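Remarks on the structure that follows.
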Amino acid sequence: MRRTSLFVIALAVPFTAASATPAALETDPCLVSTRALMGKEQRFLHTVVFGQPAASLARTGSVRYDKSGNSWVKTRSNTWLTLASGFQNTTYSDQQMESQSEHAKRRGLLEVRQSLTSELVPPLAQSLRAFRCRLAAICALADESEQSTSSSLTISVDGCYPRTEKRLTSCTFRSRDPAPARTAVLQQCADDASQTFAQESALLEATIAYDASYRTLLQIAGGFDAFFEDLRDPLLSPLRSAARAIGELQRIPCFLSECHE
C-alpha cells in the first residue's frame, strides 16, 4: 500500500516541460532528442528513489521502458504489451522484459527498512544533485554536438563528474535546411532541464514528508506493541490469580441457613 501511494505521487507530476515550448521549436529534432534523454534520466532517478522490482514481481498495470525508450505495460501475469511502432503485435515475457528494460531491477532508497528518514536524506539529496548534473550534461551535449565531429564526446559540467556520451547528430544545426535558431533551441533545453529539476525537487520533498510520517507511525505502533508486551505479564498475572481465587471460593462449605446448594 505504501509503495503504491508513493508511485501515485510520482505519476501525479509527469514531465511537462514541453507545455511551455514555442510552437516553432515543438518538433525540433534536437529538442526531441534532449527530452528523450531527460525522460530517461527522470525514470532512472525514480528507480533510485522508489526502486524497481523484478518484472515477474511487478503488478498488473505496471509500466516499463525498453532500451529504445518504448513503454510496455504488464497486462497480466508474464505478459507485457506495447503500442510502439513495429511492436504492436509483440508480446514480451517477464524474462524478456527484464533483459530489455532500460534500467535494471534494484531496491530503492525509500525501501530501506529499520532506518530513520533523516538517515536517508543524505543519499536522497545526493541522488537529486546527480540528477541535476545529468540534466545539465544533456544540454551541454547538445551544444558540443554542433562543434565536434567525434562519435563520442566527454562532457564536463561545473561541479559534476565528466561523462562520455554519444554525439547527438540531431543537434548539428548547420547541416539542416533551413537552419533553426541554435540559441533558441539550447535555451529551451536549459528551460526544460530547469523545469524538470524543479518538478523532481518538489516531488522528492513531498515524498520525504510522506515517508517521515509513515516511518514515525510505524515507530509509534512498534513502541505501543513493545509496551503492551512488557505490561502483559505484570498486569494480567494478578487478574488471573484473582479469578482463580474467586473460583476456589465455591469449594468452601456453607454453614448458614441462607445457603442454597
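Note on naming: chains are A, B, ... as they come in the C-alpha cells, residues start from 1 per chain, ligands start from 1 in the order shown.
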Which residues come within 6 Å of Trp80 (chain A), counting only C-alpha atoms, excluding same-chain residues fewer than 6 positions away, as a short mmCIF file (atom, residue, chain, number, x, y, z; two decimals) with N, CA, C and O atoms, in the first residue's frame?
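So selection-v7.cif came out as:
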data_model
loop_
_atom_site.label_atom_id
_atom_site.label_comp_id
_atom_site.auth_asym_id
_atom_site.auth_seq_id
_atom_site.Cartn_x
_atom_site.Cartn_y
_atom_site.Cartn_z
N TRP A 72 6.16 -0.21 -22.14
CA TRP A 72 5.47 -1.50 -22.12
C TRP A 72 4.62 -1.59 -20.86
O TRP A 72 5.02 -1.11 -19.80
N VAL A 73 3.45 -2.20 -21.00
CA VAL A 73 2.51 -2.33 -19.88
C VAL A 73 2.30 -3.81 -19.60
O VAL A 73 2.10 -4.61 -20.52
N LYS A 74 2.32 -4.15 -18.32
CA LYS A 74 2.05 -5.54 -17.93
C LYS A 74 0.54 -5.72 -17.86
O LYS A 74 -0.13 -5.16 -16.98
N THR A 91 4.70 -9.60 -27.95
CA THR A 91 4.46 -9.85 -26.53
C THR A 91 5.77 -10.23 -25.86
O THR A 91 6.49 -11.10 -26.35
N TYR A 92 6.08 -9.55 -24.78
CA TYR A 92 7.27 -9.87 -24.00
C TYR A 92 6.88 -10.66 -22.76
O TYR A 92 5.86 -10.37 -22.12
#
Using backbone DSSP assignments, extract all helix (DSSP H, G or I) residues from region 91-221 of chain A; output them as a PyMOL selection string. chain A and resi 94-100+109-111+117-147+169-171+173-175+182-221
Closest to His103 (chain A) among A:Cys133, A:Leu45, A:Ile138, A:Ala84, using only C-alpha atoms?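 The answer is A:Leu45, which sits nearest to His103 (chain A).
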With a distance cut-off of 9 Å and only C-alpha atoms, select the neighbouring residues of Met38 (chain A), excluding the residue or stretch itself and same-chain residues fewer than 6 positions from it, and output the selection as a PyMOL selection string. chain A and resi 134-135+138+192-193+196
Export N, CA, C and O atoms of the chosen residues as a JSON list (two decimals), in the first residue's frame?
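Output below, filename again.json:
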[["chain", "number", "residue", "atom", "x", "y", "z"],
["A", 134, "ARG", "N", 23.20, 15.42, -14.49],
["A", 134, "ARG", "CA", 22.87, 14.69, -15.71],
["A", 134, "ARG", "C", 22.03, 15.54, -16.65],
["A", 134, "ARG", "O", 22.20, 15.49, -17.87],
["A", 135, "LEU", "N", 21.11, 16.33, -16.10],
["A", 135, "LEU", "CA", 20.30, 17.21, -16.94],
["A", 135, "LEU", "C", 21.17, 18.28, -17.59],
["A", 135, "LEU", "O", 21.02, 18.57, -18.79],
["A", 138, "ILE", "N", 23.13, 16.93, -20.50],
["A", 138, "ILE", "CA", 22.37, 16.72, -21.74],
["A", 138, "ILE", "C", 22.39, 17.97, -22.60],
["A", 138, "ILE", "O", 22.63, 17.91, -23.82],
["A", 192, "ASP", "N", 13.92, 23.41, -20.15],
["A", 192, "ASP", "CA", 13.38, 22.08, -19.88],
["A", 192, "ASP", "C", 14.07, 21.44, -18.69],
["A", 192, "ASP", "O", 13.43, 20.85, -17.81],
["A", 193, "ALA", "N", 15.40, 21.56, -18.66],
["A", 193, "ALA", "CA", 16.17, 20.97, -17.56],
["A", 193, "ALA", "C", 15.81, 21.63, -16.23],
["A", 193, "ALA", "O", 15.65, 20.95, -15.21],
["A", 196, "THR", "N", 12.28, 20.48, -15.18],
["A", 196, "THR", "CA", 12.29, 19.08, -14.76],
["A", 196, "THR", "C", 12.92, 18.94, -13.38],
["A", 196, "THR", "O", 12.42, 18.19, -12.53]]
Rank nothing, just name the residue among A:Gln188, A:Thr207, A:Ser156, A:Ser145 nearest to Thr172 (chain A), using only C-alpha atoms.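 Among the listed residues, A:Ser145 lies closest to Thr172 (chain A).
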Would you list the contacts of Gly69 (chain A) as a PyMOL selection string, taking every protein, DNA or RNA residue within 9 Å and counting only C-alpha atoms, but skipping same-chain residues closer than 6 positions in sequence? chain A and resi 36+39-40+102
Out of A:Pro29, A:Thr34, A:Phe87, A:Ser150, which residue has the shortest atom-to-atom distance to Asp191 (chain A) when counting only C-alpha atoms? A:Thr34
Neighbour list for region 57-63 of chain A as a count of residues only, cut-off 10 Å, only C-alpha atoms, skip fewer than 5 positions in-chain: 14
May I have the residues within 12 Å of Tyr161 (chain A) as a ChimeraX atom specification, using only C-alpha atoms and disregarding those fewer than 2 positions away in the same chain? /A:129-134,136-137,154-159,163-164
From a DSSP pass on the backbone, collect the residues of region 81-232 of chain A flagged as strand (DSSP E) and hand them back as JSON, numbers by chain. {"A": [81, 152, 153, 154, 155, 163, 164, 165, 166]}
For Thr47 (chain A), the nearest of the candidates A:Ala23, A:Leu31, A:Leu124, A:Ile246, counting only C-alpha atoms: A:Leu124
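Of the listed residues (A:Ala198, A:Val185, A:Ala221, A:Leu168), A:Leu168 comes nearest to Leu153 (chain A); the distances count only C-alpha atoms.
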